file my_file.tsv (TSV, C-alpha atoms and all ligand atoms)
chain	number	residue	atom	x	y	z
B	1418	MET	CA	0.00	0.00	0.00
B	1419	LYS	CA	1.47	3.29	-1.11
B	1420	TYR	CA	1.62	6.41	1.03
B	1421	VAL	CA	3.30	9.79	0.63
B	1422	LEU	CA	2.15	11.52	3.83
B	1423	SER	CA	2.25	10.46	7.46
B	1424	LYS	CA	0.53	11.96	10.48
B	1425	SER	CA	3.64	13.95	11.39
B	1426	SER	CA	4.21	15.26	7.86
B	1427	TYR	CA	0.53	16.25	7.66
B	1428	ILE	CA	0.77	18.18	10.95
B	1429	ARG	CA	3.99	19.76	9.62
B	1430	SER	CA	2.16	20.82	6.46
B	1431	LEU	CA	-0.56	22.52	8.51
B	1432	GLN	CA	2.15	24.65	10.12
B	1433	CYS	CA	3.97	25.40	6.85
B	1434	LEU	CA	3.91	23.88	3.37
B	1435	LYS	CA	7.48	25.00	2.80
B	1436	SER	CA	8.57	22.99	5.84
B	1437	LEU	CA	6.82	19.97	4.32
B	1438	TYR	CA	8.77	20.56	1.10
B	1439	PHE	CA	12.10	20.63	2.99
B	1440	TYR	CA	11.11	17.54	4.98
B	1441	LYS	CA	10.49	15.64	1.75
B	1442	PHE	CA	13.33	16.92	-0.41
B	1443	ASN	CA	16.01	18.33	1.93
B	1444	TYR	CA	15.72	16.04	4.94
B	1445	LYS	CA	19.48	15.87	5.46
B	1446	ASP	CA	19.53	19.66	5.96
B	1447	ARG	CA	17.31	19.46	9.04
B	1448	ASP	CA	18.54	21.50	12.03
B	1449	PRO	CA	19.84	19.34	14.91
B	1450	ILE	CA	17.11	18.38	17.35
B	1451	SER	CA	17.29	20.30	20.63
B	1452	PRO	CA	17.58	18.41	23.96
B	1453	GLU	CA	14.21	19.95	25.00
B	1454	GLN	CA	12.49	18.64	21.87
B	1455	GLN	CA	14.07	15.19	22.33
B	1456	ALA	CA	12.93	15.15	25.97
B	1457	LYS	CA	9.37	15.93	24.77
B	1458	PHE	CA	9.44	13.00	22.31
B	1459	ASP	CA	10.80	10.65	24.99
B	1460	ARG	CA	8.15	11.75	27.46
B	1461	GLY	CA	5.39	11.13	24.89
B	1462	HIS	CA	6.78	7.65	24.21
B	1463	THR	CA	6.96	6.80	27.94
B	1464	PHE	CA	3.36	7.85	28.64
B	1465	GLY	CA	2.18	6.14	25.46
B	1466	LYS	CA	3.59	2.83	26.70
B	1467	LEU	CA	2.16	3.40	30.16
B	1468	ALA	CA	-1.34	4.01	28.79
B	1469	GLN	CA	-1.27	0.62	27.01
B	1470	GLN	CA	-1.73	-0.87	30.51
B	1471	LEU	CA	-5.26	0.59	30.50
B	1472	PHE	CA	-6.09	-1.99	27.80
B	1473	PRO	CA	-3.78	-4.94	28.48
B	1474	GLY	CA	-3.09	-7.93	26.25
B	1475	GLY	CA	-2.99	-6.10	22.94
B	1476	VAL	CA	-0.91	-6.95	19.87
B	1477	ASP	CA	1.70	-4.32	19.04
B	1478	VAL	CA	2.15	-3.81	15.28
B	1479	SER	CA	4.74	-1.02	15.50
B	1480	PRO	CA	7.07	-1.12	12.49
B	1481	ALA	CA	10.70	-2.20	12.93
B	1482	THR	CA	11.79	0.98	11.11
B	1483	PRO	CA	9.96	4.20	10.15
B	1484	PHE	CA	9.94	2.93	6.53
B	1485	GLU	CA	7.81	-0.14	7.19
B	1486	TYR	CA	4.37	1.27	7.99
B	1487	ASP	CA	2.97	-0.60	5.01
B	1488	LEU	CA	3.81	-3.85	6.84
B	1489	SER	CA	2.12	-2.50	9.99
B	1490	ALA	CA	-0.96	-1.69	7.92
B	1491	GLN	CA	-1.01	-5.22	6.49
B	1492	LYS	CA	-0.68	-6.72	9.99
B	1493	THR	CA	-3.47	-4.46	11.23
B	1494	GLN	CA	-5.72	-5.56	8.38
B	1495	SER	CA	-5.17	-9.21	9.16
B	1496	LEU	CA	-5.75	-8.68	12.91
B	1497	MET	CA	-8.98	-6.84	12.12
B	1498	LEU	CA	-10.17	-9.81	10.06
B	1499	LYS	CA	-9.49	-12.00	13.10
B	1500	GLN	CA	-11.55	-9.63	15.31
B	1501	GLN	CA	-8.52	-8.88	17.53
B	1502	SER	CA	-9.82	-7.08	20.63
B	1503	VAL	CA	-6.84	-4.75	21.35
B	1504	ILE	CA	-4.20	-3.46	18.90
B	1505	TYR	CA	-1.38	-1.05	19.75
B	1506	GLU	CA	-0.06	1.21	16.97
B	1507	ALA	CA	-2.65	-0.04	14.48
B	1508	ALA	CA	-1.74	1.43	11.06
B	1509	PHE	CA	-4.14	2.45	8.30
B	1510	ILE	CA	-3.53	3.76	4.80
B	1511	ALA	CA	-6.01	5.68	2.65
B	1512	ASN	CA	-5.73	8.60	0.21
B	1513	GLU	CA	-1.92	7.93	0.19
B	1514	VAL	CA	-1.71	8.86	3.89
B	1515	VAL	CA	-0.61	6.54	6.67
B	1516	VAL	CA	-1.63	6.95	10.31
B	1517	ALA	CA	-0.75	4.84	13.34
B	1518	LEU	CA	-3.18	4.88	16.21
B	1519	ASP	CA	-1.94	4.39	19.79
B	1520	ILE	CA	-4.69	2.02	20.93
B	1521	LEU	CA	-7.60	0.42	19.06
B	1522	ILE	CA	-10.08	-1.73	20.94
B	1523	ARG	CA	-13.06	-3.80	19.86
B	1524	LYS	CA	-15.86	-3.85	22.43
B	1525	SER	CA	-19.11	-5.71	21.72
B	1526	GLY	CA	-18.12	-5.71	18.06
B	1527	LEU	CA	-17.64	-1.91	17.89
B	1528	LEU	CA	-14.32	-0.13	17.36
B	1529	HIS	CA	-13.06	2.51	19.80
B	1530	ALA	CA	-9.94	4.51	18.92
B	1531	PHE	CA	-7.65	6.10	21.51
B	1532	GLU	CA	-4.77	8.48	21.02
B	1533	VAL	CA	-2.51	9.03	24.05
B	1534	LYS	CA	-1.02	12.44	24.86
B	1535	SER	CA	1.41	13.31	27.62
B	1536	SER	CA	-0.19	16.72	28.19
B	1537	VAL	CA	-2.86	17.73	30.70
B	1538	LYS	CA	-5.14	19.33	28.14
B	1539	ILE	CA	-6.17	18.93	24.51
B	1540	SER	CA	-4.46	21.43	22.24
B	1541	GLN	CA	-5.44	22.47	18.70
B	1542	THR	CA	-2.60	20.31	17.34
B	1543	ILE	CA	-3.95	17.27	19.18
B	1544	LEU	CA	-7.39	17.96	17.67
B	1545	ASN	CA	-5.90	18.30	14.17
B	1546	ASP	CA	-4.01	15.07	14.67
B	1547	ALA	CA	-7.22	13.29	15.77
B	1548	ALA	CA	-9.21	14.69	12.84
B	1549	LEU	CA	-6.66	13.29	10.38
B	1550	GLN	CA	-6.62	9.87	12.06
B	1551	TYR	CA	-10.40	9.66	12.15
B	1552	PHE	CA	-10.58	10.63	8.46
B	1553	ILE	CA	-8.01	8.06	7.33
B	1554	ILE	CA	-9.32	5.18	9.46
B	1555	THR	CA	-12.87	5.72	8.20
B	1556	GLU	CA	-11.66	6.22	4.59
B	1557	ALA	CA	-9.84	2.89	4.97
B	1558	GLY	CA	-13.26	1.34	5.52
B	1559	TYR	CA	-13.58	1.03	9.29
B	1560	GLU	CA	-16.45	2.57	11.21
B	1561	LEU	CA	-15.45	4.00	14.58
B	1562	GLU	CA	-17.94	3.98	17.44
B	1563	ASP	CA	-15.83	6.61	19.18
B	1564	PHE	CA	-12.49	8.42	19.02
B	1565	SER	CA	-11.02	9.65	22.31
B	1566	ILE	CA	-7.93	11.37	23.59
B	1567	ILE	CA	-6.36	9.83	26.68
B	1568	HIS	CA	-4.36	12.50	28.49
B	1569	LEU	CA	-2.87	13.18	31.90
B	1570	LYS	CA	-5.01	14.51	34.72
B	1571	PRO	CA	-4.01	18.05	35.76
B	1572	ASP	CA	-2.90	16.80	39.20
B	1573	TYR	CA	-1.04	13.74	37.86
B	1574	LYS	CA	2.20	14.64	39.67
B	1575	GLU	CA	0.50	14.11	43.03
B	1576	LEU	CA	-0.96	10.75	41.98
B	1577	PRO	CA	0.75	7.37	42.47
B	1578	ALA	CA	2.82	6.72	39.31
B	1579	ASP	CA	2.11	2.97	39.49
B	1580	ASN	CA	-1.67	3.50	39.37
B	1581	VAL	CA	-2.09	4.00	35.64
B	1582	LYS	CA	-5.87	4.41	35.82
B	1583	ALA	CA	-5.47	7.28	38.29
B	1584	LEU	CA	-2.99	9.14	36.03
B	1585	PHE	CA	-5.10	9.39	32.90
B	1586	THR	CA	-8.47	10.70	31.83
B	1587	GLU	CA	-10.20	10.38	28.46
B	1588	GLU	CA	-12.29	12.72	26.33
B	1589	SER	CA	-14.22	11.94	23.17
B	1590	VAL	CA	-13.39	14.13	20.15
B	1591	LYS	CA	-15.45	12.22	17.60
B	1592	GLU	CA	-17.84	15.09	16.89
B	1593	TRP	CA	-14.92	17.45	16.23
B	1594	CYS	CA	-13.35	14.88	13.90
B	1595	ILE	CA	-16.56	14.52	11.92
B	1596	SER	CA	-16.88	18.30	11.59
B	1597	GLN	CA	-13.36	18.50	10.08
B	1598	ARG	CA	-13.71	15.98	7.26
B	1599	THR	CA	-13.84	18.47	4.40
B	1600	TYR	CA	-10.97	20.54	5.80
B	1601	VAL	CA	-8.79	17.45	6.29
B	1602	LYS	CA	-9.54	16.15	2.79
B	1603	GLU	CA	-8.68	19.48	1.17
B	1604	HIS	CA	-5.50	19.93	3.16
B	1605	ILE	CA	-4.28	16.43	2.29
B	1606	GLU	CA	-4.71	17.34	-1.38
B	1607	ALA	CA	-2.79	20.63	-0.90
B	1608	ALA	CA	0.08	18.81	0.84
B	1609	LYS	CA	0.21	16.06	-1.80
B	1610	HIS	CA	0.27	18.70	-4.51
B	1611	ILE	CA	3.48	20.19	-3.02
B	1612	ILE	CA	5.11	16.76	-3.01
B	1613	GLN	CA	4.00	15.88	-6.54
B	1614	LYS	CA	5.09	19.23	-8.01
B	1615	LYS	CA	8.50	19.13	-6.26
B	1616	GLN	CA	8.49	22.89	-6.30
B	1617	MET	CA	9.39	24.84	-3.17
B	1618	PRO	CA	6.43	26.99	-2.14
B	1619	SER	CA	7.08	30.63	-1.39
B	1620	VAL	CA	6.42	31.23	2.32
B	1621	GLU	CA	7.76	34.16	4.33
B	1622	GLN	CA	9.10	33.46	7.80
B	1623	GLY	CA	6.95	34.70	10.65
B	1624	GLU	CA	5.22	33.78	13.87
B	1625	HIS	CA	4.04	30.48	12.43
B	1626	CYS	CA	7.68	29.26	12.35
B	1627	ASN	CA	7.42	28.51	16.10
B	1628	ILE	CA	3.76	27.55	16.43
B	1629	PRO	CA	2.98	24.85	17.41
B	1630	TYR	CA	6.62	23.67	17.10
B	1631	PRO	CA	9.91	25.44	16.43
B	1632	CYS	CA	10.56	24.68	12.74
B	1633	ASP	CA	13.55	22.40	12.25
B	1634	PHE	CA	14.41	23.79	8.80
B	1635	LYS	CA	15.09	27.39	9.76
B	1636	ASN	CA	18.68	27.22	8.61
B	1637	ILE	CA	18.01	26.07	5.07
B	1638	CYS	CA	14.92	28.29	4.93
B	1639	ASN	CA	17.10	31.33	5.69
B	1640	LYS	CA	19.43	30.30	2.87
B	1641	SER	CA	16.54	29.79	0.48
B	1642	ASN	CA	15.44	33.36	1.16
B	1643	SER	CA	18.97	34.70	0.52
B	1644	PHE	CA	19.78	32.92	-2.73
B	1645	ASP	CA	18.05	32.07	-5.94
B	1646	ALA	CA	15.92	29.10	-4.88
B	1647	GLY	CA	16.23	27.47	-8.30
B	1648	SER	CA	20.03	27.20	-8.10
B	1649	LEU	CA	19.94	25.75	-4.57
B	1650	PHE	CA	16.99	23.43	-4.63
B	1651	GLY	CA	16.40	22.54	-8.25
G	1	LIG	S1	11.37	28.57	8.91
G	1	LIG	FE1	9.20	29.17	8.81
G	1	LIG	S2	8.79	29.68	6.66
G	1	LIG	FE2	10.72	28.53	6.75
G	1	LIG	S3	10.11	26.40	6.41
G	1	LIG	FE3	10.17	26.72	8.61
G	1	LIG	S4	8.08	27.30	9.18
G	1	LIG	FE4	8.26	27.54	6.96
call {"tool": "encode", "arguments": {"input": "my_file.tsv", "output": "structure tokens"}}
result
Amino acid sequence: MKYVLSKSSYIRSLQCLKSLYFYKFNYKDRDPISPEQQAKFDRGHTFGKLAQQLFPGGVDVSPATPFEYDLSAQKTQSLMLKQQSVIYEAAFIANEVVVALDILIRKSGLLHAFEVKSSVKISQTILNDAALQYFIITEAGYELEDFSIIHLKPDYKELPADNVKALFTEESVKEWCISQRTYVKEHIEAAKHIIQKKQMPSVEQGEHCNIPYPCDFKNICNKSNSFDAGSLFG
């Protein structure tokens, strides 16, 4: 199954289409990752693993490398045919986009999707992420009874770390996801267009370069603004 966009490259494209272009065609020119950013990723991974204990006994279909999500999607498909009750990192591909969902459970024959976040509240980026996942999973042919965000309770630091149920809370965002279908579909097309054309879009630097994340292509972006783009990035 072919895909050209992932969840992270889609979220990147919402922030800046030029950043998506660099990610696809100038990946080696990425700025080094800061220790703070790395710590954020590690924290997300740790809480993601912890939240799996809320739904024990699942099959983990995480890919061995970031280039093998097609295999994860195939494994997911076969587990779905077998009515597997809990899947971690279930992958789905539709409209040339791949998404991997933290936890998928089947309860009384109905599918419930959960995305785990290591924050205490639901940000706009988390909502955008959920809207994309909902769109792709349903486009791949699976009906979702619900889609929820599992996140930390505001007072989680005072709670016993070994009581996983006490640490997390969950909130349904299904209605939001449904309301975003047209927007998601159109933005996927805009992002794919950048990739297909292989032409660097013209985007001025500004406040968006740090919202929601500090852009990791600032260095090459500065150069692209100083020189003739055609000679550098043809
Ligand atoms: S530095 Fe700003 S304008 Fe340049 S690619 Fe990054 S987000 Fe886009």
call {"tool": "residues_near_ligand", "arguments": {"input": "my_file.tsv", "ligand": "ligand LIG 1 (chain G)", "cutoff": "6 Å", "atoms": "only C-alpha atoms and all ligand atoms", "output": "list in words"}}
result
Cys1433, Lys1435, Ser1436, Val1620, Glu1621, Gln1622, Cys1626, Cys1632, Phe1634, Lys1635 and Cys1638 of chain B
call {"tool": "write_last_selection", "arguments": {"input": "my_file.tsv", "atoms": "C-alpha atoms", "output": "PDB file, keeping the file's coordinate frame"}}
result
ATOM      1  CA  CYS B1433       3.970  25.400   6.850  1.00  0.00           C
ATOM      2  CA  LYS B1435       7.480  25.000   2.800  1.00  0.00           C
ATOM      3  CA  SER B1436       8.570  22.990   5.840  1.00  0.00           C
ATOM      4  CA  VAL B1620       6.420  31.230   2.320  1.00  0.00           C
ATOM      5  CA  GLU B1621       7.760  34.160   4.330  1.00  0.00           C
ATOM      6  CA  GLN B1622       9.100  33.460   7.800  1.00  0.00           C
ATOM      7  CA  CYS B1626       7.680  29.260  12.350  1.00  0.00           C
ATOM      8  CA  CYS B1632      10.560  24.680  12.740  1.00  0.00           C
ATOM      9  CA  PHE B1634      14.410  23.790   8.800  1.00  0.00           C
ATOM     10  CA  LYS B1635      15.090  27.390   9.760  1.00  0.00           C
ATOM     11  CA  CYS B1638      14.920  28.290   4.930  1.00  0.00           C
TER      12      CYS B1638
END
call {"tool": "atom_distance", "arguments": {"input": "my_file.tsv", "atom1": "atom CA of Asp1546 of chain B", "atom2": "atom CA of Thr1482 of chain B"}}
result
21.5 Å
call {"tool": "closest_residue", "arguments": {"input": "my_file.tsv", "among": "B:Met1617, B:Phe1564, B:Leu1549, B:His1625", "to": "Ile1428 of chain B", "atoms": "all atoms listed in the file"}}
result
B:Leu1549
call {"tool": "closest_residue", "arguments": {"input": "my_file.tsv", "among": "B:Ser1479, B:Asn1639, B:Thr1586, B:Gln1616", "to": "Thr1493 of chain B", "atoms": "all atoms listed in the file"}}
result
B:Ser1479
call {"tool": "residues_around", "arguments": {"input": "my_file.tsv", "residues": "Ile1522 of chain B", "least_positions_apart": "6", "cutoff": "7 Å", "atoms": "all atoms listed in the file", "output": "VMD selection string"}}
result
chain B and resid 1502 to 1504 1528 to 1530
call {"tool": "axis_aligned_box", "arguments": {"input": "my_file.tsv", "around": "segment 1612-1618 of chain B", "padding_each_side": "5 Å", "output": "JSON"}}
result
{"center_x": 6.7, "center_y": 21.4, "center_z": -5.1, "size_x": 15.4, "size_y": 21.1, "size_z": 15.9}
call {"tool": "atom_distance", "arguments": {"input": "my_file.tsv", "atom1": "atom CA of His1462 of chain B", "atom2": "atom CA of Val1514 of chain B"}}
result
22.1 Å
call {"tool": "residues_near_point", "arguments": {"input": "my_file.tsv", "point": "(-1.7, -4.1, 9.6)", "cutoff": "10 Å", "atoms": "all atoms listed in the file", "output": "ChimeraX atom specification"}}
result
/B:1478-1480,1486-1497,1504,1506-1510,1517
call {"tool": "atom_distance", "arguments": {"input": "my_file.tsv", "atom1": "atom CA of Tyr1630 of chain B", "atom2": "atom CA of Gln1550 of chain B"}}
result
19.8 Å
call {"tool": "closest_residue", "arguments": {"input": "my_file.tsv", "among": "B:Ile1553, B:Leu1518, B:Leu1467, B:Leu1437", "to": "Ile1566 of chain B", "atoms": "all atoms listed in the file"}}
result
B:Leu1518
call {"tool": "residues_around", "arguments": {"input": "my_file.tsv", "residues": "Pro1449 of chain B", "least_positions_apart": "3", "cutoff": "12 Å", "atoms": "all atoms listed in the file", "output": "PyMOL selection string"}}
result
chain B and resi 1444-1446+1452-1455+1631-1636
call {"tool": "write_last_selection", "arguments": {"input": "my_file.tsv", "atoms": "C-alpha atoms", "output": "PDB file, in the frame of the given file"}}
result
ATOM      1  CA  TYR B1444      15.720  16.040   4.940  1.00  0.00           C
ATOM      2  CA  LYS B1445      19.480  15.870   5.460  1.00  0.00           C
ATOM      3  CA  ASP B1446      19.530  19.660   5.960  1.00  0.00           C
ATOM      4  CA  PRO B1452      17.580  18.410  23.960  1.00  0.00           C
ATOM      5  CA  GLU B1453      14.210  19.950  25.000  1.00  0.00           C
ATOM      6  CA  GLN B1454      12.490  18.640  21.870  1.00  0.00           C
ATOM      7  CA  GLN B1455      14.070  15.190  22.330  1.00  0.00           C
ATOM      8  CA  PRO B1631       9.910  25.440  16.430  1.00  0.00           C
ATOM      9  CA  CYS B1632      10.560  24.680  12.740  1.00  0.00           C
ATOM     10  CA  ASP B1633      13.550  22.400  12.250  1.00  0.00           C
ATOM     11  CA  PHE B1634      14.410  23.790   8.800  1.00  0.00           C
ATOM     12  CA  LYS B1635      15.090  27.390   9.760  1.00  0.00           C
ATOM     13  CA  ASN B1636      18.680  27.220   8.610  1.00  0.00           C
TER      14      ASN B1636
END
call {"tool": "residues_near_point", "arguments": {"input": "my_file.tsv", "point": "(4.8, 24.8, -3.0)", "cutoff": "12 Å", "atoms": "only C-alpha atoms", "output": "PDB file with C-alpha atoms, in the coordinates of the input"}}
result
ATOM      1  CA  SER B1430       2.160  20.820   6.460  1.00  0.00           C
ATOM      2  CA  CYS B1433       3.970  25.400   6.850  1.00  0.00           C
ATOM      3  CA  LEU B1434       3.910  23.880   3.370  1.00  0.00           C
ATOM      4  CA  LYS B1435       7.480  25.000   2.800  1.00  0.00           C
ATOM      5  CA  SER B1436       8.570  22.990   5.840  1.00  0.00           C
ATOM      6  CA  LEU B1437       6.820  19.970   4.320  1.00  0.00           C
ATOM      7  CA  TYR B1438       8.770  20.560   1.100  1.00  0.00           C
ATOM      8  CA  PHE B1439      12.100  20.630   2.990  1.00  0.00           C
ATOM      9  CA  LYS B1441      10.490  15.640   1.750  1.00  0.00           C
ATOM     10  CA  PHE B1442      13.330  16.920  -0.410  1.00  0.00           C
ATOM     11  CA  ALA B1607      -2.790  20.630  -0.900  1.00  0.00           C
ATOM     12  CA  ALA B1608       0.080  18.810   0.840  1.00  0.00           C
ATOM     13  CA  LYS B1609       0.210  16.060  -1.800  1.00  0.00           C
ATOM     14  CA  HIS B1610       0.270  18.700  -4.510  1.00  0.00           C
ATOM     15  CA  ILE B1611       3.480  20.190  -3.020  1.00  0.00           C
ATOM     16  CA  ILE B1612       5.110  16.760  -3.010  1.00  0.00           C
ATOM     17  CA  GLN B1613       4.000  15.880  -6.540  1.00  0.00           C
ATOM     18  CA  LYS B1614       5.090  19.230  -8.010  1.00  0.00           C
ATOM     19  CA  LYS B1615       8.500  19.130  -6.260  1.00  0.00           C
ATOM     20  CA  GLN B1616       8.490  22.890  -6.300  1.00  0.00           C
ATOM     21  CA  MET B1617       9.390  24.840  -3.170  1.00  0.00           C
ATOM     22  CA  PRO B1618       6.430  26.990  -2.140  1.00  0.00           C
ATOM     23  CA  SER B1619       7.080  30.630  -1.390  1.00  0.00           C
ATOM     24  CA  VAL B1620       6.420  31.230   2.320  1.00  0.00           C
TER      25      VAL B1620
END
call {"tool": "closest_residue", "arguments": {"input": "my_file.tsv", "among": "B:Gln1501, B:Ser1536, B:Asn1545, B:Ser1641", "to": "Glu1587 of chain B", "atoms": "only C-alpha atoms"}}
result
B:Ser1536
call {"tool": "decode", "arguments": {"input": "my_file.tsv", "residues": "segment 1529-1538 of chain B", "atoms": "all heavy atoms", "output": "CSV table (one decimal), in the first residue's frame"}}
result
chain,number,residue,atom,x,y,z
B,1529,HIS,N,-13.3,1.3,19.1
B,1529,HIS,CA,-13.1,2.5,19.8
B,1529,HIS,C,-11.6,2.8,19.6
B,1529,HIS,O,-10.7,2.0,19.9
B,1529,HIS,CB,-13.4,2.3,21.3
B,1529,HIS,CG,-14.8,2.0,21.6
B,1529,HIS,ND1,-15.6,2.9,22.2
B,1529,HIS,CD2,-15.5,0.9,21.3
B,1529,HIS,CE1,-16.8,2.4,22.3
B,1529,HIS,NE2,-16.8,1.2,21.8
B,1530,ALA,N,-11.3,4.1,19.2
B,1530,ALA,CA,-9.9,4.5,18.9
B,1530,ALA,C,-9.5,5.4,20.0
B,1530,ALA,O,-10.3,6.3,20.5
B,1530,ALA,CB,-9.9,5.2,17.6
B,1531,PHE,N,-8.2,5.3,20.4
B,1531,PHE,CA,-7.6,6.1,21.5
B,1531,PHE,C,-6.3,6.6,21.1
B,1531,PHE,O,-5.4,5.8,20.6
B,1531,PHE,CB,-7.5,5.3,22.8
B,1531,PHE,CG,-8.8,4.8,23.4
B,1531,PHE,CD1,-9.2,3.6,23.1
B,1531,PHE,CD2,-9.5,5.6,24.3
B,1531,PHE,CE1,-10.4,3.1,23.6
B,1531,PHE,CE2,-10.7,5.2,24.8
B,1531,PHE,CZ,-11.2,3.9,24.5
B,1532,GLU,N,-6.1,7.9,21.3
B,1532,GLU,CA,-4.8,8.5,21.0
B,1532,GLU,C,-4.3,9.0,22.4
B,1532,GLU,O,-5.0,9.6,23.1
B,1532,GLU,CB,-4.9,9.6,20.0
B,1532,GLU,CG,-3.6,10.2,19.4
B,1532,GLU,CD,-2.8,9.1,18.7
B,1532,GLU,OE1,-3.3,8.1,18.3
B,1532,GLU,OE2,-1.6,9.4,18.5
B,1533,VAL,N,-3.0,8.7,22.7
B,1533,VAL,CA,-2.5,9.0,24.1
B,1533,VAL,C,-1.6,10.3,24.0
B,1533,VAL,O,-0.8,10.3,23.1
B,1533,VAL,CB,-1.7,7.8,24.6
B,1533,VAL,CG1,-1.2,8.2,26.0
B,1533,VAL,CG2,-2.5,6.6,24.6
B,1534,LYS,N,-1.8,11.2,24.8
B,1534,LYS,CA,-1.0,12.4,24.9
B,1534,LYS,C,-0.5,12.7,26.3
B,1534,LYS,O,-1.2,12.5,27.3
B,1534,LYS,CB,-1.9,13.7,24.4
B,1534,LYS,CG,-2.4,13.5,23.0
B,1534,LYS,CD,-1.3,13.4,22.0
B,1534,LYS,CE,-1.8,13.1,20.6
B,1534,LYS,NZ,-0.7,12.8,19.6
B,1535,SER,N,0.8,13.1,26.3
B,1535,SER,CA,1.4,13.3,27.6
B,1535,SER,C,1.2,14.7,28.1
B,1535,SER,O,2.0,15.2,28.9
B,1535,SER,CB,2.9,13.0,27.5
B,1535,SER,OG,3.5,13.9,26.5
B,1536,SER,N,0.1,15.4,27.7
B,1536,SER,CA,-0.2,16.7,28.2
B,1536,SER,C,-1.4,16.6,29.1
B,1536,SER,O,-2.1,15.6,29.2
B,1536,SER,CB,-0.5,17.6,27.0
B,1536,SER,OG,-1.5,17.0,26.2
B,1537,VAL,N,-1.7,17.8,29.8
B,1537,VAL,CA,-2.9,17.7,30.7
B,1537,VAL,C,-4.1,18.3,30.0
B,1537,VAL,O,-5.2,18.2,30.6
B,1537,VAL,CB,-2.6,18.5,32.0
B,1537,VAL,CG1,-1.5,17.8,32.8
B,1537,VAL,CG2,-2.2,19.9,31.7
B,1538,LYS,N,-3.9,18.9,28.9
B,1538,LYS,CA,-5.1,19.3,28.1
B,1538,LYS,C,-5.0,19.1,26.6
B,1538,LYS,O,-3.9,18.8,26.2
B,1538,LYS,CB,-5.5,20.8,28.4
B,1538,LYS,CG,-4.4,21.7,28.2
B,1538,LYS,CD,-4.8,23.1,28.7
B,1538,LYS,CE,-3.6,24.1,28.4
B,1538,LYS,NZ,-3.7,25.3,29.0
